[in-house]
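One file, coords_28.pdb, carrying PDB, C-alpha atoms:
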```pdb
MODEL        1
ATOM      1  CA  MET V  66      94.560  45.765 122.304
ATOM      2  CA  LEU V  67      95.243  48.218 119.486
ATOM      3  CA  THR V  68      93.133  51.335 119.081
ATOM      4  CA  ILE V  69      92.511  54.125 116.636
ATOM      5  CA  THR V  70      90.933  57.408 117.585
ATOM      6  CA  ALA V  71      89.888  59.561 114.636
ATOM      7  CA  VAL V  72      88.599  63.118 114.704
ATOM      8  CA  ILE V  73      86.740  64.034 111.525
ATOM      9  CA  ARG V  74      85.334  67.445 110.599
ATOM     10  CA  ALA V  75      82.692  67.732 107.883
ATOM     11  CA  LYS V  76      82.076  70.899 105.923
ATOM     12  CA  ARG V  77      79.073  72.794 107.241
ATOM     13  CA  GLY V  78      75.899  71.535 105.604
ATOM     14  CA  HIS V  79      77.292  68.015 105.097
ATOM     15  CA  GLU V  80      76.838  66.732 108.654
ATOM     16  CA  SER V  81      74.084  64.262 107.779
ATOM     17  CA  THR V  82      76.076  62.826 104.866
ATOM     18  CA  MET V  83      79.124  62.300 107.089
ATOM     19  CA  ARG V  84      76.978  60.812 109.827
ATOM     20  CA  GLN V  85      75.436  58.292 107.426
ATOM     21  CA  ALA V  86      78.814  57.385 105.929
ATOM     22  CA  LEU V  87      80.113  56.615 109.433
ATOM     23  CA  LEU V  88      76.991  54.617 110.313
ATOM     24  CA  ASP V  89      77.485  52.572 107.144
ATOM     25  CA  VAL V  90      80.982  51.648 108.374
ATOM     26  CA  VAL V  91      79.531  50.630 111.749
ATOM     27  CA  ALA V  92      77.011  48.351 109.999
ATOM     28  CA  HIS V  93      79.844  46.705 108.061
ATOM     29  CA  VAL V  94      81.918  46.240 111.223
ATOM     30  CA  ARG V  95      78.996  44.634 113.072
ATOM     31  CA  ALA V  96      78.293  42.209 110.232
ATOM     32  CA  ASN V  97      81.813  41.362 109.072
ATOM     33  CA  GLU V  98      84.532  42.072 111.616
ATOM     34  CA  PRO V  99      84.524  39.735 114.622
ATOM     35  CA  SER V 100      88.090  40.785 115.485
ATOM     36  CA  THR V 101      87.038  44.405 115.832
ATOM     37  CA  VAL V 102      86.286  44.470 119.551
ATOM     38  CA  GLY V 103      84.661  47.896 119.588
ATOM     39  CA  TYR V 104      83.764  50.557 117.078
ATOM     40  CA  HIS V 105      82.252  53.725 118.514
ATOM     41  CA  VAL V 106      81.156  56.816 116.604
ATOM     42  CA  SER V 107      80.283  60.113 118.285
ATOM     43  CA  GLN V 108      79.086  63.507 117.100
ATOM     44  CA  ASP V 109      80.133  66.627 119.002
ATOM     45  CA  THR V 110      77.322  68.137 121.074
ATOM     46  CA  SER V 111      78.385  71.732 120.445
ATOM     47  CA  ASP V 112      79.568  71.425 116.825
ATOM     48  CA  PRO V 113      77.629  68.885 114.736
ATOM     49  CA  CYS V 114      80.318  69.034 112.040
ATOM     50  CA  VAL V 115      82.797  67.221 114.318
ATOM     51  CA  PHE V 116      82.764  63.430 114.627
ATOM     52  CA  ALA V 117      85.030  61.035 116.489
ATOM     53  CA  THR V 118      85.575  57.318 116.229
ATOM     54  CA  TYR V 119      87.138  55.065 118.818
ATOM     55  CA  GLU V 120      88.111  51.708 117.400
ATOM     56  CA  ARG V 121      89.448  48.651 119.241
ATOM     57  CA  TYR V 122      91.167  45.709 117.542
ATOM     58  CA  VAL V 123      92.498  42.421 118.903
ATOM     59  CA  ASP V 124      95.682  42.729 116.838
ATOM     60  CA  GLN V 125      97.376  44.442 113.908
ATOM     61  CA  ALA V 126      95.887  41.966 111.426
ATOM     62  CA  ALA V 127      92.358  42.898 112.541
ATOM     63  CA  MET V 128      93.175  46.603 112.240
ATOM     64  CA  ASP V 129      94.641  46.062 108.778
ATOM     65  CA  ARG V 130      91.588  44.056 107.639
ATOM     66  CA  HIS V 131      89.335  46.896 108.749
ATOM     67  CA  ASN V 132      91.435  49.692 107.251
ATOM     68  CA  ASN V 133      91.688  47.834 103.932
ATOM     69  CA  SER V 134      88.013  46.846 103.803
ATOM     70  CA  PRO V 135      85.612  47.912 101.053
ATOM     71  CA  ALA V 136      83.549  49.721 103.726
ATOM     72  CA  VAL V 137      86.446  52.010 104.645
ATOM     73  CA  ALA V 138      87.173  52.654 100.963
ATOM     74  CA  ARG V 139      83.497  53.586 100.404
ATOM     75  CA  PHE V 140      83.607  55.842 103.469
ATOM     76  CA  PHE V 141      86.555  57.809 102.099
ATOM     77  CA  ASP V 142      84.920  58.040  98.652
ATOM     78  CA  VAL V 143      82.003  59.818 100.342
ATOM     79  CA  ALA V 144      83.990  61.698 102.989
ATOM     80  CA  LYS V 145      86.916  63.147 101.027
ATOM     81  CA  PRO V 146      84.923  65.813  99.163
ATOM     82  CA  ILE V 147      83.139  66.938 102.343
ATOM     83  CA  LEU V 148      86.059  66.923 104.796
ATOM     84  CA  ASP V 149      86.905  70.230 106.403
ATOM     85  CA  GLY V 150      90.645  69.713 106.931
ATOM     86  CA  ASP V 151      92.645  66.592 107.626
ATOM     87  CA  VAL V 152      91.399  63.654 109.662
ATOM     88  CA  THR V 153      93.339  63.453 112.931
ATOM     89  CA  LEU V 154      94.361  59.854 113.686
ATOM     90  CA  VAL V 155      95.869  58.484 116.887
ATOM     91  CA  TYR V 156      97.114  54.889 116.749
ATOM     92  CA  ALA V 157      97.710  53.483 120.223
ATOM     93  CA  ASN V 158      98.200  50.478 122.455
ATOM     94  CA  GLU V 159      95.366  50.430 124.950
ATOM     95  CA  ILE V 160      96.770  50.480 128.480
ATOM     96  CA  ALA V 161      93.536  50.376 130.504
ATOM     97  CA  SER V 162      89.803  50.024 130.025
ATOM     98  CA  ARG V 163      86.578  49.539 131.883
ATOM     99  CA  ALA V 164      84.451  46.799 130.356
ATOM    100  CA  GLY V 165      80.680  47.241 130.187
TER     101      GLY V 165
ENDMDL
END
```

Can the structure in the file be given as structure tokens, please?
Amino acid sequence: MLTITAVIRAKRGHESTMRQALLDVVAHVRANEPSTVGYHVSQDTSDPCVFATYERYVDQAAMDRHNNSPAVARFFDVAKPILDGDVTLVYANEIASRAG
């Protein structure tokens, strides 16, 4: 299982726009990406400008399909002007999990 963890910081005052942009990606994943095993979005409890995603893919092809999707392109069109710094990305091979 391949994973991506992303930490995203929105400029203050743009939290709701970032939140909606991320939720739009989730909607696309649910409807169009059967090889995306999990796609989780969180918002920091102490700093609402900070978001995190945890993404799980069956293989590199699934990850590539997601990263090259129109939904991800639309997300970055919305997110780039309201990012507060760089997005931190961690690409990893999952070594353990606890299923639902």

First collect every listed atom of range 130-144 of chain V; then fit an axis-aligned box around them, widen it by 3 Å on each side, and give centre and edge lengths in Å to one decimal, as AutoDock Vina command-line options.
```
--center_x 86.8 --center_y 52.9 --center_z 103.7 --size_x 15.7 --size_y 23.6 --size_z 16.1
```

- Message: Need to verify the contact set: Val115 in chain V, 7 Å, only C-alpha atoms, exclusion of same-chain residues closer than 5 positions in sequence. Can you return it as a ChimeraX atom specification?
- Response: /V:73-75,108-109

Next, write the just-selected residues to a file, as a PDB file, keeping the file's coordinate frame, keeping C-alpha atoms as the atom set.
```pdb
ATOM      1  CA  ILE V  73      86.740  64.034 111.525  1.00  0.00           C
ATOM      2  CA  ARG V  74      85.334  67.445 110.599  1.00  0.00           C
ATOM      3  CA  ALA V  75      82.692  67.732 107.883  1.00  0.00           C
ATOM      4  CA  GLN V 108      79.086  63.507 117.100  1.00  0.00           C
ATOM      5  CA  ASP V 109      80.133  66.627 119.002  1.00  0.00           C
TER       6      ASP V 109
END
```

- Task: Given the file shown, enumerate the residues that the PyMOL selection byres ((chain V and resi 71) around 12) captures and present them as a PyMOL selection string.
- Result: chain V and resi 68-70+72-74+87+104-108+115-121+151-157

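Atom pair CA of Val123 in chain V / CA of Leu67 in chain V: separated by 6.4 Å.
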
- Task: Would you please work out which residue, of V:Ser134, V:Cys114, V:Ala161, V:Met128, is nearest to Arg84 in chain V when using all atoms listed in the file?
- Result: V:Cys114

- Message: Which residues, named as in the file, does the PyMOL selection byres ((chain V and resi 90) around 12) pick out? Answer as a ChimeraX atom specification.
- Response: /V:83-89,91-98,104-106,118,120,131-132,134-141,143-144

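For the atom pair formed by CA of Asn133 in chain V and CA of Thr101 in chain V, the distance is 13.2 Å, given to one decimal.
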
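One distance worth recording is that between CA of Lys145 in chain V and CA of Pro113 in chain V, which is 17.5 Å.
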
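When only C-alpha atoms are used to measure the gap to Gly78 in chain V, the shortest distance among V:Asp149, V:Asp142, V:Glu159, V:Asp129 belongs to V:Asp149.
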
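You can rank V:Arg163, V:Ser100, V:Glu80, V:Gly150 by their closest distance to Ala126 in chain V using all atoms listed in the file, and at the top of that list sits V:Ser100.
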